[in-house]
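Shown next: run.txt, containing compact mmCIF, C-alpha atoms.
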```
# COMPACT_ATOMS: atom_id res chain seq x y z
CA MET A 1 24.64 36.42 48.23
CA ASN A 2 25.98 32.89 47.63
CA THR A 3 27.51 30.75 50.36
CA ARG A 4 31.06 31.05 49.03
CA ARG A 5 30.99 34.84 48.97
CA ALA A 6 29.37 34.97 52.42
CA ALA A 7 32.18 32.77 53.74
CA ALA A 8 34.79 35.06 52.20
CA LEU A 9 33.26 38.13 53.82
CA THR A 10 33.09 36.36 57.16
CA VAL A 11 36.79 35.56 56.85
CA THR A 12 37.50 39.20 56.03
CA GLY A 13 35.69 40.41 59.13
CA LEU A 14 37.41 37.85 61.34
CA ILE A 15 40.93 37.88 59.98
CA VAL A 16 41.48 41.43 58.76
CA LEU A 17 40.10 42.96 61.92
CA LEU A 18 41.92 40.73 64.39
CA ALA A 19 44.96 39.38 62.62
CA GLY A 20 45.85 41.79 59.85
CA ILE A 21 45.59 39.18 57.10
CA SER A 22 45.02 40.81 53.72
CA LEU A 23 41.59 41.10 52.14
CA ALA A 24 42.88 39.54 48.94
CA MET A 25 44.16 36.43 50.69
CA ALA A 26 40.98 36.05 52.72
CA ALA A 27 38.74 36.44 49.70
CA ALA A 28 40.85 34.04 47.62
CA SER A 29 40.71 31.32 50.26
CA PRO A 30 37.26 31.19 51.88
CA ILE A 31 37.20 29.40 55.19
CA LYS A 32 35.77 25.91 55.40
CA TRP A 33 34.01 26.32 58.70
CA VAL A 34 33.59 23.36 61.03
CA SER A 35 30.33 23.68 62.92
CA VAL A 36 30.35 23.05 66.70
CA PRO A 37 26.77 23.16 68.06
CA LEU A 38 26.49 23.37 71.85
CA ARG A 39 22.68 23.64 72.02
CA THR A 40 21.19 24.55 75.44
CA HIS A 41 23.70 24.22 78.26
CA GLN A 42 22.75 22.07 81.25
CA PHE A 43 24.21 23.72 84.34
CA GLY A 44 25.41 21.63 87.28
CA ASN A 45 26.93 18.76 85.30
CA VAL A 46 30.54 19.66 86.01
CA ARG A 47 33.31 17.13 85.52
CA THR A 48 34.95 15.36 88.46
CA PRO A 49 38.77 15.71 88.52
CA ASP A 50 40.93 12.77 87.54
CA ALA A 51 43.30 13.65 90.38
CA VAL A 52 44.22 16.34 92.89
CA VAL A 53 47.89 17.16 92.30
CA ALA A 54 48.42 19.82 94.97
CA ASN A 55 46.76 20.36 98.30
CA ALA A 56 47.18 22.82 101.18
CA GLY A 57 44.96 22.92 104.26
CA PRO A 58 43.21 26.08 105.45
CA ASN A 59 46.05 26.76 107.89
CA GLN A 60 48.74 26.43 105.20
CA VAL A 61 47.55 29.30 102.98
CA GLY A 62 46.25 32.76 103.77
CA PHE A 63 42.59 33.80 103.50
CA LYS A 64 40.98 37.10 104.42
CA LYS A 65 37.90 36.18 106.41
CA HIS A 66 36.58 39.56 107.54
CA GLU A 67 34.60 42.23 105.75
CA SER A 68 35.18 45.97 105.78
CA ARG A 69 32.63 48.43 107.14
CA CYS A 70 30.99 48.68 103.72
CA GLY A 71 30.20 44.97 103.89
CA CYS A 72 32.53 44.20 100.99
CA MET A 73 35.90 42.50 100.73
CA ASP A 74 38.85 44.78 99.94
CA GLY A 75 41.79 43.42 97.96
CA PRO A 76 42.67 39.76 97.43
CA GLN A 77 40.92 37.34 99.74
CA GLY A 78 43.13 34.34 99.09
CA PRO A 79 45.21 32.55 96.45
CA MET A 80 44.14 33.29 92.87
CA LEU A 81 47.31 32.70 90.83
CA PHE A 82 49.04 29.42 90.03
CA ASP A 83 51.11 27.84 87.27
CA VAL A 84 52.40 24.46 86.15
CA ALA A 85 56.14 24.29 85.49
CA PRO A 86 57.57 22.41 82.49
CA ASN A 87 58.85 19.75 84.92
CA GLY A 88 55.32 19.16 86.25
CA SER A 89 55.73 20.93 89.59
CA ILE A 90 52.79 23.08 90.78
CA TRP A 91 53.35 26.65 91.98
CA LEU A 92 50.82 28.72 93.92
CA PHE A 93 51.07 32.40 94.89
CA ASP A 94 50.00 32.67 98.54
CA VAL A 95 49.23 36.37 98.23
CA LEU A 96 48.41 37.22 101.84
CA ASN A 97 51.60 35.55 103.10
CA HIS A 98 53.78 37.05 100.31
CA ARG A 99 55.22 33.74 99.16
CA LEU A 100 55.17 31.03 96.51
CA LEU A 101 54.35 27.43 97.42
CA MET A 102 55.66 24.56 95.28
CA TRP A 103 54.54 20.94 95.03
CA LYS A 104 56.68 18.32 93.31
CA ALA A 105 55.05 16.25 90.60
CA GLY A 106 53.38 13.18 92.09
CA ARG A 107 53.51 14.51 95.69
CA PRO A 108 50.25 16.40 96.30
CA ALA A 109 49.91 16.02 100.08
CA HIS A 110 51.78 19.18 101.08
CA PRO A 111 54.08 21.83 99.58
CA ALA A 112 57.65 20.67 99.09
CA ARG A 113 59.05 24.17 99.27
CA THR A 114 58.14 27.70 100.33
CA LEU A 115 59.69 30.70 98.59
CA PRO A 116 59.29 34.01 100.50
CA LEU A 117 58.88 37.13 98.37
CA PRO A 118 59.30 40.82 99.17
CA LYS A 119 56.08 42.70 99.90
CA LEU A 120 55.18 43.10 96.26
CA ASP A 121 51.89 43.69 94.52
CA VAL A 122 52.08 40.62 92.26
CA ARG A 123 49.62 40.81 89.37
CA ASP A 124 50.69 37.54 87.68
CA PHE A 125 53.62 35.14 87.33
CA ALA A 126 54.93 32.60 84.82
CA LEU A 127 57.50 29.80 85.03
CA GLY A 128 60.30 29.58 82.47
CA ARG A 129 61.76 26.44 80.95
CA ASP A 130 65.00 26.77 82.93
CA GLY A 131 63.20 27.28 86.25
CA THR A 132 63.20 31.08 86.15
CA ILE A 133 60.25 32.66 87.94
CA PHE A 134 58.90 35.70 86.10
CA LEU A 135 56.79 38.16 88.12
CA TYR A 136 54.61 41.01 86.96
CA ALA A 137 54.91 43.01 90.16
CA VAL A 138 55.63 46.36 91.78
CA TYR A 139 56.48 47.28 95.37
CA ALA A 140 53.46 48.02 97.53
CA LYS A 141 55.63 50.69 99.16
CA PRO A 142 58.59 51.39 96.85
CA PRO A 143 61.94 51.94 98.58
CA ALA A 144 63.69 55.23 97.98
CA GLY A 145 65.26 55.42 94.53
CA ASP A 146 63.48 52.33 93.19
CA SER A 147 63.37 52.18 89.39
CA GLY A 148 59.74 51.06 89.28
CA ALA A 149 60.61 48.16 86.94
CA ASN A 150 57.60 45.84 86.88
CA LEU A 151 59.05 42.68 85.28
CA TRP A 152 61.11 40.53 87.66
CA ALA A 153 63.15 37.44 86.90
CA LEU A 154 63.97 35.26 89.93
CA THR A 155 66.06 32.14 90.26
CA PRO A 156 64.29 29.01 91.56
CA THR A 157 65.66 29.95 95.01
CA GLY A 158 64.21 33.46 94.88
CA ARG A 159 67.31 35.51 94.04
CA VAL A 160 66.65 38.43 91.69
CA ARG A 161 68.37 37.84 88.34
CA TRP A 162 67.18 41.07 86.76
CA ARG A 163 64.38 43.63 86.65
CA ALA A 164 63.09 45.48 83.61
CA HIS A 165 60.32 47.79 82.48
CA ALA A 166 57.56 46.10 80.51
CA GLY A 167 54.29 47.06 78.90
CA MET A 168 51.99 44.83 80.88
CA GLY A 169 48.45 43.75 80.13
CA THR A 170 46.02 41.62 82.08
CA ALA A 171 48.03 38.38 82.17
CA MET A 172 51.47 36.90 81.56
CA ARG A 173 52.11 33.58 79.79
CA LEU A 174 55.02 31.50 78.52
CA GLY A 175 54.97 31.25 74.73
CA PRO A 176 55.74 28.17 72.63
CA ASP A 177 59.29 29.44 71.96
CA GLY A 178 60.07 29.90 75.66
CA ALA A 179 59.63 33.69 75.60
CA VAL A 180 57.37 35.37 78.16
CA TYR A 181 54.41 37.27 76.73
CA SER A 182 51.95 39.81 78.10
CA ILE A 183 48.33 39.45 76.97
CA GLY A 184 46.15 42.48 76.35
CA SER A 185 48.88 45.10 76.58
CA THR A 186 47.35 47.41 73.96
CA LYS A 187 44.18 49.48 74.41
CA ARG A 188 43.10 48.91 70.82
CA ASN A 189 43.25 45.12 71.06
CA PRO A 190 42.74 43.46 74.47
CA GLN A 191 43.83 40.14 72.92
CA ALA A 192 47.23 41.37 71.69
CA TRP A 193 50.32 39.34 72.60
CA THR A 194 53.51 41.27 73.45
CA PRO A 195 56.89 39.53 73.95
CA LEU A 196 58.62 40.66 77.14
CA THR A 197 61.70 38.44 76.94
CA THR A 198 63.75 36.55 74.40
CA SER A 199 63.36 32.79 74.10
CA ALA A 200 66.44 32.55 76.33
CA GLY A 201 64.68 34.53 79.07
CA ARG A 202 66.48 37.86 78.68
CA PRO A 203 64.47 41.11 78.89
CA LEU A 204 63.47 42.98 75.75
CA SER A 205 63.53 46.77 75.53
CA LEU A 206 60.20 48.60 75.44
CA ALA A 207 60.83 49.38 71.77
CA ALA A 208 61.44 45.70 70.98
CA GLN A 209 58.29 44.78 72.89
CA ARG A 210 56.22 47.18 70.79
CA ARG A 211 57.77 45.89 67.55
CA GLY A 212 57.04 42.30 68.51
CA THR A 213 53.40 42.84 69.50
CA THR A 214 51.06 40.67 67.46
CA GLN A 215 47.31 40.73 67.08
CA PHE A 216 47.03 36.98 67.57
CA GLN A 217 48.29 34.25 69.89
CA PRO A 218 51.45 32.38 68.83
CA LEU A 219 51.18 28.59 68.98
CA ALA A 220 53.60 25.71 68.51
CA GLY A 221 54.81 24.93 65.01
CA GLY A 222 54.57 28.52 63.83
CA MET A 223 50.78 28.51 64.01
CA HIS A 224 48.69 31.41 65.26
CA LEU A 225 45.22 31.54 66.79
CA VAL A 226 42.58 34.07 65.76
CA THR A 227 39.42 34.41 67.84
CA SER A 228 36.24 36.39 67.39
CA GLN A 229 33.00 36.93 69.31
CA LEU A 230 29.81 37.35 67.24
CA GLY A 231 26.96 38.35 69.52
CA VAL A 232 26.24 36.39 72.68
CA HIS A 233 25.65 32.98 71.12
CA GLU A 234 28.56 32.50 68.70
CA VAL A 235 32.37 32.49 68.83
CA HIS A 236 34.94 31.67 66.14
CA PHE A 237 38.37 30.04 66.38
CA ALA A 238 40.79 29.93 63.43
CA LEU A 239 44.29 28.51 63.03
CA ALA A 240 46.59 30.35 60.63
CA ASP A 241 50.03 29.20 59.45
CA LYS A 242 53.22 31.24 58.97
CA SER A 243 51.97 32.60 55.64
CA HIS A 244 48.74 33.78 57.33
CA ARG A 245 46.74 31.12 55.52
CA VAL A 246 43.77 29.85 57.53
CA VAL A 247 44.20 26.09 57.74
CA ARG A 248 41.30 25.27 60.03
CA ALA A 249 38.38 27.14 61.59
CA TRP A 250 35.48 26.40 63.91
CA ARG A 251 32.18 28.18 64.38
CA VAL A 252 30.87 27.49 67.91
CA ARG A 253 27.19 28.23 68.43
CA SER A 254 25.14 27.81 71.59
CA LYS A 255 21.53 28.44 72.55
CA THR A 256 22.90 29.58 75.93
CA ALA A 257 25.00 32.75 76.14
CA ILE A 258 28.73 32.07 75.60
CA ALA A 259 31.76 34.34 75.72
CA LEU A 260 35.49 34.17 75.05
CA ALA A 261 37.40 34.22 78.32
CA GLN A 262 41.18 34.21 77.98
CA ARG A 263 41.64 35.15 81.64
CA ALA A 264 40.71 31.62 82.67
CA LEU A 265 42.37 29.38 80.07
CA THR A 266 44.93 30.29 77.44
CA PRO A 267 44.26 28.08 74.37
CA ALA A 268 46.94 25.53 73.45
CA LEU A 269 47.66 22.76 70.99
CA VAL A 270 47.45 19.27 72.52
CA GLY A 271 48.44 16.46 70.20
CA GLY A 272 48.17 18.91 67.32
CA GLU A 273 44.56 19.78 68.23
CA LEU A 274 43.30 23.05 69.65
CA VAL A 275 42.01 23.16 73.24
CA VAL A 276 39.89 26.23 74.06
CA GLN A 277 37.43 27.40 76.67
CA VAL A 278 34.34 29.60 76.63
CA ASP A 279 32.23 30.89 79.49
CA VAL A 280 28.60 29.77 79.51
CA SER A 281 26.15 31.88 81.53
CA ARG A 282 22.46 32.33 82.29
CA GLN A 283 20.43 34.48 84.66
CA ALA A 284 18.40 32.27 87.01
CA LYS A 285 16.03 34.11 89.35
CA SER A 286 18.19 36.03 91.83
CA LYS A 287 21.57 34.53 90.84
CA PHE A 288 23.77 34.26 87.80
CA LEU A 289 24.81 30.77 86.65
CA TRP A 290 28.29 30.57 85.17
CA GLU A 291 30.43 27.62 84.03
CA HIS A 292 33.53 27.04 81.93
CA MET A 293 33.08 24.89 78.80
CA VAL A 294 36.38 23.28 77.79
CA MET A 295 36.59 21.91 74.25
CA ARG A 296 39.21 19.95 72.35
CA LEU A 297 38.48 20.86 68.75
CA ALA A 298 39.01 18.21 66.08
CA PRO A 299 38.98 18.49 62.26
CA ASN A 300 35.33 17.39 62.19
CA GLY A 301 34.05 19.07 65.37
CA THR A 302 34.93 18.30 68.99
CA ARG A 303 36.93 15.36 70.25
CA GLN A 304 36.08 16.14 73.86
CA ARG A 305 34.16 18.76 75.82
CA PHE A 306 33.15 19.16 79.45
CA SER A 307 32.07 21.76 82.00
CA LEU A 308 33.93 23.07 85.05
CA ASP A 309 32.90 25.29 87.93
CA ALA A 310 33.67 28.89 86.98
CA LYS A 311 33.47 30.03 90.61
CA ALA A 312 35.96 27.60 92.11
CA VAL A 313 38.12 30.38 93.56
CA TRP A 314 36.80 31.74 96.85
CA GLY A 315 36.13 35.46 97.04
CA ASP A 316 35.22 35.78 93.37
CA ASP A 317 32.26 38.14 93.77
CA GLY A 318 32.80 40.05 90.54
CA ALA A 319 30.70 40.04 87.40
CA GLU A 320 33.12 37.68 85.63
CA PRO A 321 34.59 34.43 86.98
CA ILE A 322 38.33 34.37 87.55
CA THR A 323 38.96 30.67 88.17
CA ALA A 324 42.45 29.92 86.86
CA LEU A 325 42.97 27.10 84.37
CA ARG A 326 46.27 25.96 82.83
CA ILE A 327 47.34 23.36 80.27
CA GLY A 328 50.58 21.70 81.34
CA SER A 329 53.42 20.49 79.15
CA ASP A 330 51.97 16.99 79.66
CA GLY A 331 48.84 17.98 77.69
CA ARG A 332 46.52 17.85 80.69
CA LEU A 333 44.30 20.56 82.18
CA TYR A 334 44.77 21.98 85.68
CA GLN A 335 42.30 24.00 87.76
CA LEU A 336 42.83 26.04 90.93
CA ARG A 337 40.18 25.60 93.65
CA THR A 338 40.19 27.54 96.94
CA ASN A 339 38.00 27.89 100.01
CA PRO A 340 38.86 29.15 103.53
CA LYS A 341 37.24 26.04 105.05
CA THR A 342 39.12 23.49 102.95
CA GLY A 343 42.22 25.40 101.80
CA ALA A 344 43.65 25.39 98.29
CA SER A 345 44.02 22.58 95.78
CA VAL A 346 44.85 22.05 92.14
CA ALA A 347 42.78 19.49 90.21
CA ARG A 348 43.90 17.71 87.04
CA TYR A 349 41.83 16.59 84.04
CA SER A 350 42.75 14.48 81.05
CA LEU A 351 42.11 16.02 77.65
CA GLY A 352 41.93 12.68 75.86
CA ARG A 353 44.08 11.46 72.98
```
For this file, produce the structure as structure tokens.
Amino acid sequence: MNTRRAAALTVTGLIVLLAGISLAMAAASPIKWVSVPLRTHQFGNVRTPDAVVANAGPNQVGFKKHESRCGCMDGPQGPMLFDVAPNGSIWLFDVLNHRLLMWKAGRPAHPARTLPLPKLDVRDFALGRDGTIFLYAVYAKPPAGDSGANLWALTPTGRVRWRAHAGMGTAMRLGPDGAVYSIGSTKRNPQAWTPLTTSAGRPLSLAAQRRGTTQFQPLAGGMHLVTSQLGVHEVHFALADKSHRVVRAWRVRSKTAIALAQRALTPALVGGELVVQVDVSRQAKSKFLWEHMVMRLAPNGTRQRFSLDAKAVWGDDGAEPITALRIGSDGRLYQLRTNPKTGASVARYSLGR
């Protein structure tokens, strides 16, 4: 089999399976893959933050410091969710105190505002362009007659604007058009993106949500991102335009095990270039080493790449790291870090130019 035909078949497997692009189009336009070799990962060389943009001491946020009789920790042990608003303010969900904390841009020393919430089981939240706070949440103990609606829209002061039923997945993100999306809301495709609101922030019906579900992530400029995992040492990223034509694609290979991990960082375009993240892992004696590899992909490879601690959130004892990462509207990367001894902070990293 020649190289051109092999490329066409690779495109078919990647695009038809994940994005629904036709076999004819894929075969007619073989991908010109850009190779990104990562070689053997050197653990422990994590990047130092450029700045800490939000900070709360151990007495300013809630942490669960005791174990149950089984010797395990039940439920959330501290803050795990945060977001960066379009205006640069930092928002943290202080889960054990049922509230949101907000830091103004450029004032990291202490929260500027506290927003109490009802006793809700908040699974995720996202910040709209107009300051609306969107919650994926249900009552821990529903009041009599409650509708059970799981999508909440709050004003910046905490007043409920509306509630609606939504088909939720594992995460909630603001899309490039200002609409709120759920990620992984279909059993067949854990990477599916489902619109929950209009671009103006109004709720969509369940039928409209199902109609709008797409197999791939929407990006700015009408672009879409297609991702694929091939074994434990190779992942693919492809950008497709409005006509479903693949305009750029990268084949990332590593001698150390790598995996796609959308729970940590949602890919985004920064300066017209794609910023992505993979998890790098290796078994070392009695412990498992795990780091985030952040990459800014350029037309000829990578413009920038660096490692971050994948276990920066305290209480993460699961098989997969859950450290939250966000790319702000300023094109910089933000990371949540928590520990009951030091409190909670959000670190910022430049992604270059």
- Using all atoms listed in the file, which of the listed residues (A:Phe134, A:Trp33, A:Phe43, A:Phe63) sits closest to A:Val313? A:Phe63
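Atom pair atom CA of A:Leu100 / atom CA of A:Ser199: separated by 23.9 Å.
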- Task: Find the distance between atom CA of A:Val226 and atom CA of A:Arg305 and write it in Å to one decimal.
- Result: 20.2 Å
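Of note, atom CA of A:Val247 and atom CA of A:Asp279 are spaced 25.3 Å apart.
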- Query: With all atoms listed in the file as the atoms that count, which of A:Met295, A:Arg210, A:Leu120, A:Thr256 lies nearest to A:Ser281?
  - Reply: A:Thr256
- Query: Could you name the residues that touch A:Leu297 at 12 Å or less, counting only C-alpha atoms, but leaving out those on the same chain fewer than 5 positions away, as number ranges by chain?
  - Reply: A: 34-37, 236-239, 248-252, 267-277, 302-305, 351-353
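Proximity of A:Val346, A:Leu325, A:Leu333, A:Ala166 to A:Leu151, computed with only C-alpha atoms, is greatest for A:Ala166.
The nearest approach to A:Asp124 among the residues A:Gln191, A:Thr157, A:Asn150, A:Ser254, with only C-alpha atoms taken into account, belongs to A:Asn150.
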- Message: Counting only C-alpha atoms, which residues have an atom no more than 10 Å from (56.0, 37.3, 74.5) in the file's coordinates? Please list them as a PyMOL selection string.
- Response: chain A and resi 172-183+193-199+204+209+212-214+217-218
- Message: From the options A:Trp314, A:Trp290, A:Tyr334, A:Tyr349, which residue's atoms come nearest to A:Asp83, counting all atoms listed in the file?
- Response: A:Tyr334
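Nearest-residue note for A:Val52: choosing from A:Leu308, A:Leu260, A:Val235, A:Ala344, the minimum distance belongs to A:Ala344, counting all atoms listed in the file.
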Kindly extract all protein, DNA and RNA residues lying within 10 Å of the coordinates (57.9, 32.4, 86.4) given in the file, considering only C-alpha atoms, and supply them as a PDB file with C-alpha atoms, keeping the file's coordinate frame.
```pdb
ATOM      1  CA  ASP A  83      51.110  27.840  87.270  1.00  0.00           C
ATOM      2  CA  VAL A  84      52.400  24.460  86.150  1.00  0.00           C
ATOM      3  CA  ALA A  85      56.140  24.290  85.490  1.00  0.00           C
ATOM      4  CA  TRP A  91      53.350  26.650  91.980  1.00  0.00           C
ATOM      5  CA  ASP A 124      50.690  37.540  87.680  1.00  0.00           C
ATOM      6  CA  PHE A 125      53.620  35.140  87.330  1.00  0.00           C
ATOM      7  CA  ALA A 126      54.930  32.600  84.820  1.00  0.00           C
ATOM      8  CA  LEU A 127      57.500  29.800  85.030  1.00  0.00           C
ATOM      9  CA  GLY A 128      60.300  29.580  82.470  1.00  0.00           C
ATOM     10  CA  ARG A 129      61.760  26.440  80.950  1.00  0.00           C
ATOM     11  CA  ASP A 130      65.000  26.770  82.930  1.00  0.00           C
ATOM     12  CA  GLY A 131      63.200  27.280  86.250  1.00  0.00           C
ATOM     13  CA  THR A 132      63.200  31.080  86.150  1.00  0.00           C
ATOM     14  CA  ILE A 133      60.250  32.660  87.940  1.00  0.00           C
ATOM     15  CA  PHE A 134      58.900  35.700  86.100  1.00  0.00           C
ATOM     16  CA  LEU A 135      56.790  38.160  88.120  1.00  0.00           C
ATOM     17  CA  TYR A 136      54.610  41.010  86.960  1.00  0.00           C
ATOM     18  CA  TRP A 152      61.110  40.530  87.660  1.00  0.00           C
ATOM     19  CA  ALA A 153      63.150  37.440  86.900  1.00  0.00           C
ATOM     20  CA  LEU A 154      63.970  35.260  89.930  1.00  0.00           C
ATOM     21  CA  THR A 155      66.060  32.140  90.260  1.00  0.00           C
ATOM     22  CA  PRO A 156      64.290  29.010  91.560  1.00  0.00           C
ATOM     23  CA  MET A 172      51.470  36.900  81.560  1.00  0.00           C
ATOM     24  CA  ARG A 173      52.110  33.580  79.790  1.00  0.00           C
ATOM     25  CA  LEU A 174      55.020  31.500  78.520  1.00  0.00           C
ATOM     26  CA  VAL A 180      57.370  35.370  78.160  1.00  0.00           C
TER      27      VAL A 180
END
```
As a CSV table (one decimal), in the coordinates of the input, please: stretch 50-64 of chain A completed to N, CA, C and O atoms.
```csv
chain,number,residue,atom,x,y,z
A,50,ASP,N,40.3,14.1,87.6
A,50,ASP,CA,40.9,12.8,87.5
A,50,ASP,C,41.8,12.6,88.7
A,50,ASP,O,42.1,11.5,89.2
A,51,ALA,N,42.4,13.7,89.2
A,51,ALA,CA,43.3,13.6,90.4
A,51,ALA,C,43.4,15.0,91.0
A,51,ALA,O,43.2,16.0,90.3
A,52,VAL,N,43.8,15.1,92.2
A,52,VAL,CA,44.2,16.3,92.9
A,52,VAL,C,45.7,16.3,93.0
A,52,VAL,O,46.3,15.4,93.7
A,53,VAL,N,46.4,17.2,92.4
A,53,VAL,CA,47.9,17.2,92.3
A,53,VAL,C,48.6,18.1,93.3
A,53,VAL,O,49.8,18.1,93.4
A,54,ALA,N,47.8,18.9,94.0
A,54,ALA,CA,48.4,19.8,95.0
A,54,ALA,C,47.3,20.1,96.0
A,54,ALA,O,46.2,20.4,95.6
A,55,ASN,N,47.7,20.1,97.2
A,55,ASN,CA,46.8,20.4,98.3
A,55,ASN,C,47.4,21.1,99.5
A,55,ASN,O,48.5,20.7,99.9
A,56,ALA,N,46.7,22.1,100.0
A,56,ALA,CA,47.2,22.8,101.2
A,56,ALA,C,46.0,23.1,102.1
A,56,ALA,O,44.9,23.6,101.6
A,57,GLY,N,46.1,22.7,103.3
A,57,GLY,CA,45.0,22.9,104.3
A,57,GLY,C,44.7,24.4,104.5
A,57,GLY,O,45.5,25.3,104.2
A,58,PRO,N,43.6,24.7,105.2
A,58,PRO,CA,43.2,26.1,105.4
A,58,PRO,C,44.2,26.8,106.3
A,58,PRO,O,44.2,28.1,106.3
A,59,ASN,N,45.0,26.1,107.1
A,59,ASN,CA,46.0,26.8,107.9
A,59,ASN,C,47.4,26.9,107.2
A,59,ASN,O,48.4,27.4,107.8
A,60,GLN,N,47.5,26.4,105.9
A,60,GLN,CA,48.7,26.4,105.2
A,60,GLN,C,48.8,27.6,104.2
A,60,GLN,O,49.8,27.8,103.6
A,61,VAL,N,47.6,28.2,103.9
A,61,VAL,CA,47.6,29.3,103.0
A,61,VAL,C,46.7,30.4,103.6
A,61,VAL,O,45.9,30.1,104.5
A,62,GLY,N,46.9,31.6,103.2
A,62,GLY,CA,46.2,32.8,103.8
A,62,GLY,C,44.9,33.1,103.1
A,62,GLY,O,44.8,33.1,101.9
A,63,PHE,N,43.9,33.3,104.0
A,63,PHE,CA,42.6,33.8,103.5
A,63,PHE,C,42.2,35.0,104.3
A,63,PHE,O,42.4,35.0,105.6
A,64,LYS,N,41.5,36.0,103.7
A,64,LYS,CA,41.0,37.1,104.4
A,64,LYS,C,39.5,36.8,104.7
A,64,LYS,O,38.7,36.6,103.8
```
